[in-house]
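Colleague: Provided herewith: target28.cif, mmCIF, C-alpha atoms and all ligand atoms.
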data_final
loop_
_atom_site.group_PDB
_atom_site.id
_atom_site.type_symbol
_atom_site.label_atom_id
_atom_site.label_comp_id
_atom_site.auth_asym_id
_atom_site.auth_seq_id
_atom_site.Cartn_x
_atom_site.Cartn_y
_atom_site.Cartn_z
ATOM 1 C CA MET M 12 87.572 86.792 106.505
ATOM 2 C CA GLU M 13 88.663 90.385 105.927
ATOM 3 C CA ASN M 14 88.508 91.525 102.374
ATOM 4 C CA ILE M 15 92.081 90.533 101.720
ATOM 5 C CA LYS M 16 91.798 91.010 97.978
ATOM 6 C CA ASP M 17 90.701 94.655 98.283
ATOM 7 C CA ASN M 18 93.248 95.340 101.013
ATOM 8 C CA ILE M 19 96.085 94.051 98.843
ATOM 9 C CA LYS M 20 94.999 96.314 96.010
ATOM 10 C CA ILE M 21 94.956 99.332 98.323
ATOM 11 C CA VAL M 22 98.416 98.553 99.724
ATOM 12 C CA LEU M 23 99.909 97.958 96.257
ATOM 13 C CA ASP M 24 98.414 101.247 95.040
ATOM 14 C CA ASN M 25 99.857 103.050 98.050
ATOM 15 C CA ILE M 26 103.263 101.503 97.415
ATOM 16 C CA GLU M 27 103.152 102.818 93.875
ATOM 17 C CA ILE M 28 102.101 106.294 95.021
ATOM 18 C CA ALA M 29 104.881 106.491 97.618
ATOM 19 C CA ALA M 30 107.465 105.139 95.184
ATOM 20 C CA LYS M 31 106.492 107.676 92.526
ATOM 21 C CA LYS M 32 106.668 110.496 95.041
ATOM 22 C CA ALA M 33 110.274 109.520 95.738
ATOM 23 C CA GLY M 34 111.126 109.054 92.046
ATOM 24 C CA ARG M 35 111.380 105.308 92.526
ATOM 25 C CA SER M 36 109.783 102.389 90.739
ATOM 26 C CA LYS M 37 107.218 100.173 92.492
ATOM 27 C CA GLU M 38 109.167 97.136 91.290
ATOM 28 C CA ASP M 39 111.959 98.117 93.684
ATOM 29 C CA ILE M 40 109.725 97.461 96.663
ATOM 30 C CA THR M 41 108.736 94.018 97.904
ATOM 31 C CA LEU M 42 105.544 93.648 99.881
ATOM 32 C CA ILE M 43 105.807 91.161 102.738
ATOM 33 C CA ALA M 44 102.351 90.178 103.956
ATOM 34 C CA VAL M 45 102.704 89.621 107.699
ATOM 35 C CA SER M 46 100.513 86.589 108.302
ATOM 36 C CA LYS M 47 101.380 85.930 111.962
ATOM 37 C CA THR M 48 98.391 84.712 114.011
ATOM 38 C CA LYS M 49 96.348 84.343 110.787
ATOM 39 C CA PRO M 50 95.134 80.958 109.513
ATOM 40 C CA VAL M 51 96.438 79.212 106.422
ATOM 41 C CA GLU M 52 93.229 80.157 104.532
ATOM 42 C CA CYS M 53 94.184 83.824 104.766
ATOM 43 C CA ILE M 54 97.598 83.099 103.282
ATOM 44 C CA GLU M 55 95.980 81.104 100.497
ATOM 45 C CA GLU M 56 93.794 84.104 99.715
ATOM 46 C CA ALA M 57 96.879 86.345 99.577
ATOM 47 C CA LEU M 58 98.634 83.841 97.293
ATOM 48 C CA LYS M 59 95.610 83.814 95.006
ATOM 49 C CA ASN M 60 95.910 87.567 94.747
ATOM 50 C CA GLY M 61 99.512 87.575 93.665
ATOM 51 C CA LEU M 62 101.534 87.828 96.887
ATOM 52 C CA VAL M 63 104.197 85.215 97.648
ATOM 53 C CA ASN M 64 106.222 86.760 100.480
ATOM 54 C CA MET M 65 104.826 86.095 103.960
ATOM 55 C CA GLY M 66 106.252 87.304 107.270
ATOM 56 C CA GLU M 67 106.024 85.268 110.456
ATOM 57 C CA ASN M 68 107.506 85.845 113.894
ATOM 58 C CA LYS M 69 107.175 82.442 115.594
ATOM 59 C CA VAL M 70 109.158 79.341 114.677
ATOM 60 C CA GLN M 71 106.311 77.053 115.671
ATOM 61 C CA GLU M 72 103.895 78.890 113.417
ATOM 62 C CA ILE M 73 106.243 78.771 110.429
ATOM 63 C CA ARG M 74 106.651 75.011 110.880
ATOM 64 C CA HIS M 75 102.899 74.477 111.018
ATOM 65 C CA LYS M 76 102.134 76.672 108.007
ATOM 66 C CA TYR M 77 105.078 75.270 106.075
ATOM 67 C CA ASP M 78 103.645 71.778 106.513
ATOM 68 C CA VAL M 79 100.579 72.925 104.596
ATOM 69 C CA LEU M 80 101.942 75.456 102.113
ATOM 70 C CA GLY M 81 105.600 74.499 101.750
ATOM 71 C CA ASN M 82 107.571 76.450 99.185
ATOM 72 C CA ASN M 83 104.496 77.967 97.546
ATOM 73 C CA VAL M 84 105.277 80.768 99.964
ATOM 74 C CA LYS M 85 108.550 82.638 100.406
ATOM 75 C CA TRP M 86 108.763 82.671 104.199
ATOM 76 C CA HIS M 87 110.347 85.576 106.042
ATOM 77 C CA MET M 88 111.375 85.233 109.670
ATOM 78 C CA ILE M 89 110.753 88.697 111.071
ATOM 79 C CA GLY M 90 110.607 87.990 114.799
ATOM 80 C CA HIS M 91 113.154 87.378 117.515
ATOM 81 C CA LEU M 92 114.875 84.060 116.893
ATOM 82 C CA GLN M 93 116.295 81.836 119.620
ATOM 83 C CA THR M 94 119.477 79.977 118.728
ATOM 84 C CA ASN M 95 118.048 76.577 119.711
ATOM 85 C CA LYS M 96 115.229 76.998 117.168
ATOM 86 C CA VAL M 97 117.296 77.937 114.129
ATOM 87 C CA LYS M 98 117.473 74.313 113.039
ATOM 88 C CA TYR M 99 113.696 74.148 112.551
ATOM 89 C CA ILE M 100 113.528 76.949 110.006
ATOM 90 C CA ILE M 101 116.896 76.969 108.253
ATOM 91 C CA ASP M 102 115.541 74.955 105.297
ATOM 92 C CA LYS M 103 112.188 76.773 105.207
ATOM 93 C CA VAL M 104 112.784 80.522 105.209
ATOM 94 C CA SER M 105 114.177 82.626 102.397
ATOM 95 C CA LEU M 106 115.303 85.532 104.575
ATOM 96 C CA ILE M 107 115.903 86.045 108.296
ATOM 97 C CA HIS M 108 115.270 89.716 109.109
ATOM 98 C CA SER M 109 116.114 89.663 112.787
ATOM 99 C CA VAL M 110 119.799 88.897 113.304
ATOM 100 C CA ASP M 111 121.149 90.948 116.184
ATOM 101 C CA SER M 112 123.786 88.875 117.958
ATOM 102 C CA LEU M 113 126.969 87.101 116.964
ATOM 103 C CA LYS M 114 125.792 84.001 118.797
ATOM 104 C CA LEU M 115 122.685 83.851 116.623
ATOM 105 C CA ALA M 116 124.632 84.540 113.419
ATOM 106 C CA GLU M 117 127.078 81.756 114.277
ATOM 107 C CA LYS M 118 124.234 79.349 114.923
ATOM 108 C CA ILE M 119 122.535 80.242 111.637
ATOM 109 C CA ASN M 120 125.850 79.710 109.887
ATOM 110 C CA ALA M 121 126.402 76.320 111.519
ATOM 111 C CA GLU M 122 122.911 75.129 110.549
ATOM 112 C CA ALA M 123 123.321 76.511 107.027
ATOM 113 C CA VAL M 124 126.565 74.542 106.674
ATOM 114 C CA LYS M 125 124.756 71.391 107.802
ATOM 115 C CA SER M 126 121.953 72.001 105.296
ATOM 116 C CA ASP M 127 124.481 72.866 102.597
ATOM 117 C CA LYS M 128 122.847 76.207 101.897
ATOM 118 C CA ILE M 129 123.674 79.890 101.937
ATOM 119 C CA MET M 130 121.347 81.792 104.272
ATOM 120 C CA ASP M 131 120.406 85.372 103.474
ATOM 121 C CA ILE M 132 120.004 87.595 106.515
ATOM 122 C CA LEU M 133 119.330 91.171 107.540
ATOM 123 C CA ILE M 134 120.778 92.918 110.551
ATOM 124 C CA GLN M 135 118.122 94.231 112.923
ATOM 125 C CA LEU M 136 118.673 97.700 114.320
ATOM 126 C CA ASN M 137 117.136 99.032 117.489
ATOM 127 C CA VAL M 138 115.968 102.553 116.871
ATOM 128 C CA ALA M 139 113.068 102.565 119.327
ATOM 129 C CA HIS M 140 115.092 101.921 122.425
ATOM 130 C CA GLU M 141 112.307 101.634 124.986
ATOM 131 C CA GLU M 142 109.837 99.617 122.955
ATOM 132 C CA THR M 143 111.939 96.639 122.005
ATOM 133 C CA LYS M 144 114.989 95.121 123.550
ATOM 134 C CA PHE M 145 115.986 93.503 120.271
ATOM 135 C CA GLY M 146 118.315 94.875 117.640
ATOM 136 C CA LEU M 147 121.729 96.492 117.578
ATOM 137 C CA MET M 148 122.522 100.101 118.310
ATOM 138 C CA THR M 149 123.651 101.971 115.208
ATOM 139 C CA LYS M 150 127.104 102.580 116.648
ATOM 140 C CA GLU M 151 127.680 98.823 117.050
ATOM 141 C CA VAL M 152 126.561 97.804 113.601
ATOM 142 C CA THR M 153 129.686 98.180 111.474
ATOM 143 C CA ASP M 154 131.926 96.062 113.692
ATOM 144 C CA PHE M 155 129.139 93.518 113.977
ATOM 145 C CA ILE M 156 128.725 93.273 110.210
ATOM 146 C CA ILE M 157 132.458 92.848 109.705
ATOM 147 C CA ALA M 158 132.437 89.938 112.174
ATOM 148 C CA VAL M 159 129.377 88.246 110.644
ATOM 149 C CA SER M 160 130.661 88.713 107.097
ATOM 150 C CA LYS M 161 133.451 86.224 107.871
ATOM 151 C CA LEU M 162 130.989 83.376 108.362
ATOM 152 C CA SER M 163 131.057 81.090 105.319
ATOM 153 C CA ASN M 164 127.368 80.324 104.745
ATOM 154 C CA ILE M 165 125.720 83.646 105.545
ATOM 155 C CA ARG M 166 125.117 86.566 103.220
ATOM 156 C CA ILE M 167 124.204 89.911 104.746
ATOM 157 C CA LYS M 168 121.682 91.537 102.419
ATOM 158 C CA GLY M 169 120.806 94.667 104.336
ATOM 159 C CA LEU M 170 119.203 96.163 107.405
ATOM 160 C CA MET M 171 115.865 95.826 109.177
ATOM 161 C CA THR M 172 114.198 97.951 111.791
ATOM 162 C CA ILE M 173 110.930 98.145 113.699
ATOM 163 C CA ALA M 174 110.066 101.792 114.168
ATOM 164 C CA PRO M 175 107.980 102.827 117.174
ATOM 165 C CA TYR M 176 104.210 102.840 116.958
ATOM 166 C CA VAL M 177 103.221 106.424 116.229
ATOM 167 C CA ILE M 178 99.924 108.080 115.370
ATOM 168 C CA ASN M 179 101.541 110.316 112.782
ATOM 169 C CA SER M 180 103.843 108.362 110.476
ATOM 170 C CA GLU M 181 105.854 111.525 109.797
ATOM 171 C CA ASP M 182 107.277 111.097 113.287
ATOM 172 C CA ASN M 183 109.207 108.057 112.031
ATOM 173 C CA ARG M 184 110.625 109.692 108.912
ATOM 174 C CA HIS M 185 113.923 110.638 110.580
ATOM 175 C CA ILE M 186 114.407 107.001 111.638
ATOM 176 C CA PHE M 187 114.001 105.644 108.116
ATOM 177 C CA ARG M 188 116.301 108.345 106.792
ATOM 178 C CA GLU M 189 118.938 107.488 109.367
ATOM 179 C CA ILE M 190 118.828 103.759 108.504
ATOM 180 C CA LYS M 191 119.093 104.526 104.783
ATOM 181 C CA GLN M 192 122.146 106.706 105.433
ATOM 182 C CA LEU M 193 123.677 103.980 107.577
ATOM 183 C CA ALA M 194 123.199 101.499 104.712
ATOM 184 C CA VAL M 195 124.898 103.900 102.293
ATOM 185 C CA ASP M 196 127.839 104.283 104.691
ATOM 186 C CA ILE M 197 128.179 100.505 105.128
ATOM 187 C CA LYS M 198 127.949 99.871 101.388
ATOM 188 C CA ARG M 199 130.824 102.309 100.825
ATOM 189 C CA LYS M 200 133.060 100.105 102.946
ATOM 190 C CA ASN M 201 132.796 97.292 100.359
ATOM 191 C CA ILE M 202 132.861 94.461 102.881
ATOM 192 C CA ASP M 203 133.056 90.958 101.347
ATOM 193 C CA ASN M 204 129.739 89.040 101.417
ATOM 194 C CA VAL M 205 127.837 92.161 102.419
ATOM 195 C CA SER M 206 125.386 94.015 100.222
ATOM 196 C CA MET M 207 122.970 96.691 101.364
ATOM 197 C CA ASP M 208 120.324 96.012 98.720
ATOM 198 C CA ILE M 209 117.516 95.372 101.187
ATOM 199 C CA LEU M 210 116.106 97.818 103.692
ATOM 200 C CA SER M 211 113.261 96.115 105.537
ATOM 201 C CA MET M 212 111.348 98.986 107.125
ATOM 202 C CA GLY M 213 107.793 100.218 107.241
ATOM 203 C CA MET M 214 104.654 98.551 108.640
ATOM 204 C CA THR M 215 100.930 99.215 108.238
ATOM 205 C CA ASN M 216 101.106 102.601 109.898
ATOM 206 C CA ASP M 217 104.183 104.010 108.223
ATOM 207 C CA TYR M 218 105.136 102.063 105.090
ATOM 208 C CA MET M 219 104.522 104.973 102.733
ATOM 209 C CA VAL M 220 106.922 107.231 104.608
ATOM 210 C CA ALA M 221 109.413 104.353 104.792
ATOM 211 C CA ILE M 222 109.265 103.935 101.009
ATOM 212 C CA GLU M 223 109.768 107.652 100.483
ATOM 213 C CA GLU M 224 112.944 107.312 102.545
ATOM 214 C CA GLY M 225 114.328 104.293 100.706
ATOM 215 C CA SER M 226 112.713 101.137 102.080
ATOM 216 C CA THR M 227 112.856 98.164 99.699
ATOM 217 C CA MET M 228 110.758 95.757 101.795
ATOM 218 C CA VAL M 229 107.648 96.721 103.688
ATOM 219 C CA ARG M 230 106.096 94.366 106.245
ATOM 220 C CA VAL M 231 102.340 94.879 106.277
ATOM 221 C CA GLY M 232 100.087 92.782 108.503
ATOM 222 C CA THR M 233 96.975 94.608 109.699
ATOM 223 C CA GLY M 234 96.674 96.520 106.432
ATOM 224 C CA ILE M 235 96.224 93.233 104.553
ATOM 225 C CA PHE M 236 94.754 90.702 106.970
ATOM 226 C CA GLY M 237 92.980 92.978 109.441
ATOM 227 C CA LYS M 238 93.422 93.172 113.197
ATOM 228 C CA ARG M 239 95.094 90.292 114.990
ATOM 229 C CA ASP M 240 93.465 88.347 117.794
ATOM 230 C CA TYR M 241 96.311 87.098 119.975
ATOM 231 C CA ASN M 242 93.952 85.015 122.123
ATOM 232 C CA LYS M 243 93.131 82.741 119.221
ATOM 233 C CA ARG M 244 96.665 81.533 118.464
HETATM 234 C C1 LIG R 1 103.618 92.215 113.343
HETATM 235 C C2 LIG R 1 104.798 92.766 112.635
HETATM 236 C C3 LIG R 1 104.634 93.575 111.481
HETATM 237 C C4 LIG R 1 103.288 93.957 110.902
HETATM 238 O O1 LIG R 1 102.650 94.910 111.710
HETATM 239 P P1 LIG R 1 101.337 95.674 111.203
HETATM 240 O O2 LIG R 1 101.315 96.916 112.008
HETATM 241 O O3 LIG R 1 100.191 94.774 111.477
HETATM 242 O O4 LIG R 1 101.510 95.947 109.751
HETATM 243 C C5 LIG R 1 105.780 93.995 110.838
HETATM 244 N N1 LIG R 1 107.021 93.694 111.297
HETATM 245 C C6 LIG R 1 107.210 92.946 112.392
HETATM 246 C C7 LIG R 1 108.592 92.630 112.831
HETATM 247 C C8 LIG R 1 106.102 92.466 113.095
HETATM 248 O O5 LIG R 1 106.317 91.726 114.193
#
Take the structure in this file and express it as structure tokens.

Modeller:
Amino acid sequence: MENIKDNIKIVLDNIEIAAKKAGRSKEDITLIAVSKTKPVECIEEALKNGLVNMGENKVQEIRHKYDVLGNNVKWHMIGHLQTNKVKYIIDKVSLIHSVDSLKLAEKINAEAVKSDKIMDILIQLNVAHEETKFGLMTKEVTDFIIAVSKLSNIRIKGLMTIAPYVINSEDNRHIFREIKQLAVDIKRKNIDNVSMDILSMGMTNDYMVAIEEGSTMVRVGTGIFGKRDYNKR
């Protein structure tokens, strides 16, 4: 196993450094440990070292890990979600980061009604047009949020984006800045059931820059658990 304990310390220190640089407090930033492809033992090690928020991108994997760890973990769905699978995770996850279609939002709402819960969601934005087909274009987002905000059992908590993979994290700074500005603009509209308290942006390669530009949730996988082996899943 990677030295998860040491890695967590390094990431938390970096979060504090980046927050300070931006005149922010480290308490304003939540670290999501992205545990996809990693075994339950790795998550247990992260839990032992003070983390509770785990990010997963496959419904099947959340179900399996939930069977073992249950609500000891706050599960975050960060990957593309198919409407027919919403029912399997609606009672397991604390936040869905990847809502990008009205069809999906309506399905989440319907399942939340059935489970008698309010589901917190983020709206995923597509800023890296070639690299991912998921997420909304920035020009579509306001109308989309207004439509979703009318659903009874969904609360929009903010925005999420996956920036492109870059060697130099500075290359993504303008993206994070743009998303932050978009959140400010949306907040000003005071839409019912919509807050812009969460900005889920920044991954292993660029979370410090993301924090400097206003991120409140960073999703760090490799930086905590080491490289992923997709053949082993
Ligand atoms: C895998 C993944 C991450 C973590 O990526 P790392 O580069 O390993 O930190 C973050 N966000 C999403 C949506 C992911 O799929």

Colleague: How big is the axis-aligned box around all listed atoms of segment 168-176 of chain M once 3 Å goes on each side, and where's its centre, in Å to one decimal, as lines of an AutoDock Vina configuration file?

Modeller:
center_x = 112.9
center_y = 97.2
center_z = 109.8
size_x = 23.5
size_y = 17.3
size_z = 20.8

Colleague: Which is closer to Thr227 of chain M than all the others in M:Ile43, M:Met88, M:Val195, M:Val138, using all atoms listed in the file?

Modeller: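 Using all atoms listed in the file, the shortest distance to Thr227 of chain M belongs to M:Ile43.
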
Colleague: Provide the atom CA of Asn18 of chain M to atom CA of Asn60 of chain M distance in Å, to one decimal place.

Modeller: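 Atom-to-atom, atom CA of Asn18 of chain M to atom CA of Asn60 of chain M, that is 10.3 Å.
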
Colleague: Kindly compile the residues surrounding ligand LIG 1 (chain R) within 9 Å, counting only C-alpha atoms and all ligand atoms, and format them as a count of residues only.

Modeller: 37

Colleague: With all atoms listed in the file as the basis for distance, which of M:Asp208, M:Asp196, M:Glu38, M:Glu56 is at the shortest distance from Ile19 of chain M?

Modeller: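 The shortest atom-to-atom distance to Ile19 of chain M comes from M:Glu56.
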
Colleague: Tell me, in Å to one decimal, how far atom CA of Ile134 of chain M is from atom CA of Val104 of chain M.

Modeller: 15.7 Å

Colleague: Step by step, work through what the PyMOL selection byres (((chain M and resi 73-87) around 7) and not hetatm) selects in the shown file, and finish by giving those residues as a list in words.

Modeller: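 Answer for the PyMOL selection byres (((chain M and resi 73-87) around 7) and not hetatm): Val51, Val63, Asn64, Met65, Gly66, Glu67, Lys69, Val70, Gln71, Glu72, Met88, Ile89, Lys103, Val104, Ser105, Leu106 and Ile107 of chain M.
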
Colleague: Could you please take those selected residues and save C-alpha atoms as a PDB file, in the frame of the given file?

Modeller:
ATOM      1  CA  VAL M  51      96.438  79.212 106.422  1.00  0.00           C
ATOM      2  CA  VAL M  63     104.197  85.215  97.648  1.00  0.00           C
ATOM      3  CA  ASN M  64     106.222  86.760 100.480  1.00  0.00           C
ATOM      4  CA  MET M  65     104.826  86.095 103.960  1.00  0.00           C
ATOM      5  CA  GLY M  66     106.252  87.304 107.270  1.00  0.00           C
ATOM      6  CA  GLU M  67     106.024  85.268 110.456  1.00  0.00           C
ATOM      7  CA  LYS M  69     107.175  82.442 115.594  1.00  0.00           C
ATOM      8  CA  VAL M  70     109.158  79.341 114.677  1.00  0.00           C
ATOM      9  CA  GLN M  71     106.311  77.053 115.671  1.00  0.00           C
ATOM     10  CA  GLU M  72     103.895  78.890 113.417  1.00  0.00           C
ATOM     11  CA  MET M  88     111.375  85.233 109.670  1.00  0.00           C
ATOM     12  CA  ILE M  89     110.753  88.697 111.071  1.00  0.00           C
ATOM     13  CA  LYS M 103     112.188  76.773 105.207  1.00  0.00           C
ATOM     14  CA  VAL M 104     112.784  80.522 105.209  1.00  0.00           C
ATOM     15  CA  SER M 105     114.177  82.626 102.397  1.00  0.00           C
ATOM     16  CA  LEU M 106     115.303  85.532 104.575  1.00  0.00           C
ATOM     17  CA  ILE M 107     115.903  86.045 108.296  1.00  0.00           C
TER      18      ILE M 107
END

Colleague: For atom CA of Ile129 of chain M and atom CA of Asn164 of chain M, determine how far apart the two atoms are, in Å to one decimal place.

Modeller: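 If I compute the distance from atom CA of Ile129 of chain M to atom CA of Asn164 of chain M, I get 4.7 Å.
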
Colleague: Please evaluate the PyMOL selection byres (((chain M and resi 112) around 9) and not hetatm) against the structure above and give the resulting residues as a list in words.

Modeller: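 Checked against the file, the PyMOL selection byres (((chain M and resi 112) around 9) and not hetatm) matches Val110, Asp111, Leu113, Lys114, Leu115, Ala116, Glu117, Ile134, Gly146, Leu147 and Phe155 of chain M.
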
Colleague: Neighbouring residues of Asn183 of chain M were defined as those with any atom within 8 Å, considering all atoms listed in the file; residues of the same chain fewer than 5 positions away were excluded. Please report them as a list of chain:residue names.

Modeller: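 Counting all atoms listed in the file, the residues come to M:Ala174, M:Pro175, M:Val177, M:Asp217, M:Val220.
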
Colleague: Between M:Met228, M:Met148, M:Ala139, M:Ile165, which has the minimum distance to Val124 of chain M (counting only C-alpha atoms)?

Modeller: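 Under the stated criterion, the closest residue is M:Ile165.
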
Colleague: For Ser206 of chain M, which of M:Thr149, M:Ala221, M:Ile132, M:Ala158 is the closest residue, counting all atoms listed in the file?

Modeller: M:Ile132

Colleague: Carefully work through the PyMOL selection byres (((chain M and resi 194) around 10) and not hetatm) for this structure and note down the residues it includes, as an MDAnalysis selection string.

Modeller: chainID M and resid 153 169:170 188:193 195:199 206:210

Colleague: Rebuild segment 129-148 of chain M to N, CA and C atoms - output it as an mmCIF file, in the coordinates of the input, please.

Modeller:
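Once written, out.cif looks like this:
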data_model
loop_
_atom_site.group_PDB
_atom_site.id
_atom_site.type_symbol
_atom_site.label_atom_id
_atom_site.label_comp_id
_atom_site.auth_asym_id
_atom_site.auth_seq_id
_atom_site.Cartn_x
_atom_site.Cartn_y
_atom_site.Cartn_z
ATOM 1 N N ILE M 129 123.236 78.552 101.561
ATOM 2 C CA ILE M 129 123.674 79.890 101.937
ATOM 3 C C ILE M 129 122.441 80.610 102.462
ATOM 4 N N MET M 130 122.516 81.130 103.677
ATOM 5 C CA MET M 130 121.347 81.792 104.272
ATOM 6 C C MET M 130 121.475 83.307 104.150
ATOM 7 N N ASP M 131 120.451 83.910 103.570
ATOM 8 C CA ASP M 131 120.406 85.372 103.474
ATOM 9 C C ASP M 131 119.833 85.950 104.761
ATOM 10 N N ILE M 132 120.463 86.978 105.262
ATOM 11 C CA ILE M 132 120.004 87.595 106.515
ATOM 12 C C ILE M 132 120.019 89.125 106.429
ATOM 13 N N LEU M 133 119.265 89.723 107.315
ATOM 14 C CA LEU M 133 119.330 91.171 107.540
ATOM 15 C C LEU M 133 119.777 91.407 108.970
ATOM 16 N N ILE M 134 120.371 92.537 109.200
ATOM 17 C CA ILE M 134 120.778 92.918 110.551
ATOM 18 C C ILE M 134 119.702 93.828 111.134
ATOM 19 N N GLN M 135 119.179 93.424 112.292
ATOM 20 C CA GLN M 135 118.122 94.231 112.923
ATOM 21 C C GLN M 135 118.717 95.340 113.779
ATOM 22 N N LEU M 136 118.217 96.539 113.559
ATOM 23 C CA LEU M 136 118.673 97.700 114.320
ATOM 24 C C LEU M 136 117.610 98.126 115.309
ATOM 25 N N ASN M 137 118.056 98.547 116.464
ATOM 26 C CA ASN M 137 117.136 99.032 117.489
ATOM 27 C C ASN M 137 117.138 100.558 117.471
ATOM 28 N N VAL M 138 116.069 101.095 116.918
ATOM 29 C CA VAL M 138 115.968 102.553 116.871
ATOM 30 C C VAL M 138 114.945 103.080 117.869
ATOM 31 N N ALA M 139 114.137 102.165 118.403
ATOM 32 C CA ALA M 139 113.068 102.565 119.327
ATOM 33 C C ALA M 139 113.401 102.006 120.698
ATOM 34 N N HIS M 140 114.425 102.567 121.308
ATOM 35 C CA HIS M 140 115.092 101.921 122.425
ATOM 36 C C HIS M 140 114.188 101.384 123.524
ATOM 37 N N GLU M 141 113.137 102.107 123.870
ATOM 38 C CA GLU M 141 112.307 101.634 124.986
ATOM 39 C C GLU M 141 111.402 100.482 124.567
ATOM 40 N N GLU M 142 110.944 100.498 123.312
ATOM 41 C CA GLU M 142 109.837 99.617 122.955
ATOM 42 C C GLU M 142 110.270 98.186 122.648
ATOM 43 N N THR M 143 111.488 97.991 122.287
ATOM 44 C CA THR M 143 111.939 96.639 122.005
ATOM 45 C C THR M 143 113.363 96.487 122.515
ATOM 46 N N LYS M 144 113.623 95.344 123.069
ATOM 47 C CA LYS M 144 114.989 95.121 123.550
ATOM 48 C C LYS M 144 115.842 94.476 122.465
ATOM 49 N N PHE M 145 115.240 94.191 121.324
ATOM 50 C CA PHE M 145 115.986 93.503 120.271
ATOM 51 C C PHE M 145 116.588 94.483 119.265
ATOM 52 N N GLY M 146 117.676 94.054 118.653
ATOM 53 C CA GLY M 146 118.315 94.875 117.640
ATOM 54 C C GLY M 146 119.581 95.531 118.164
ATOM 55 N N LEU M 147 120.459 95.863 117.234
ATOM 56 C CA LEU M 147 121.729 96.492 117.578
ATOM 57 C C LEU M 147 121.599 98.007 117.582
ATOM 58 N N MET M 148 122.428 98.653 118.371
ATOM 59 C CA MET M 148 122.522 100.101 118.310
ATOM 60 C C MET M 148 123.315 100.469 117.046
#
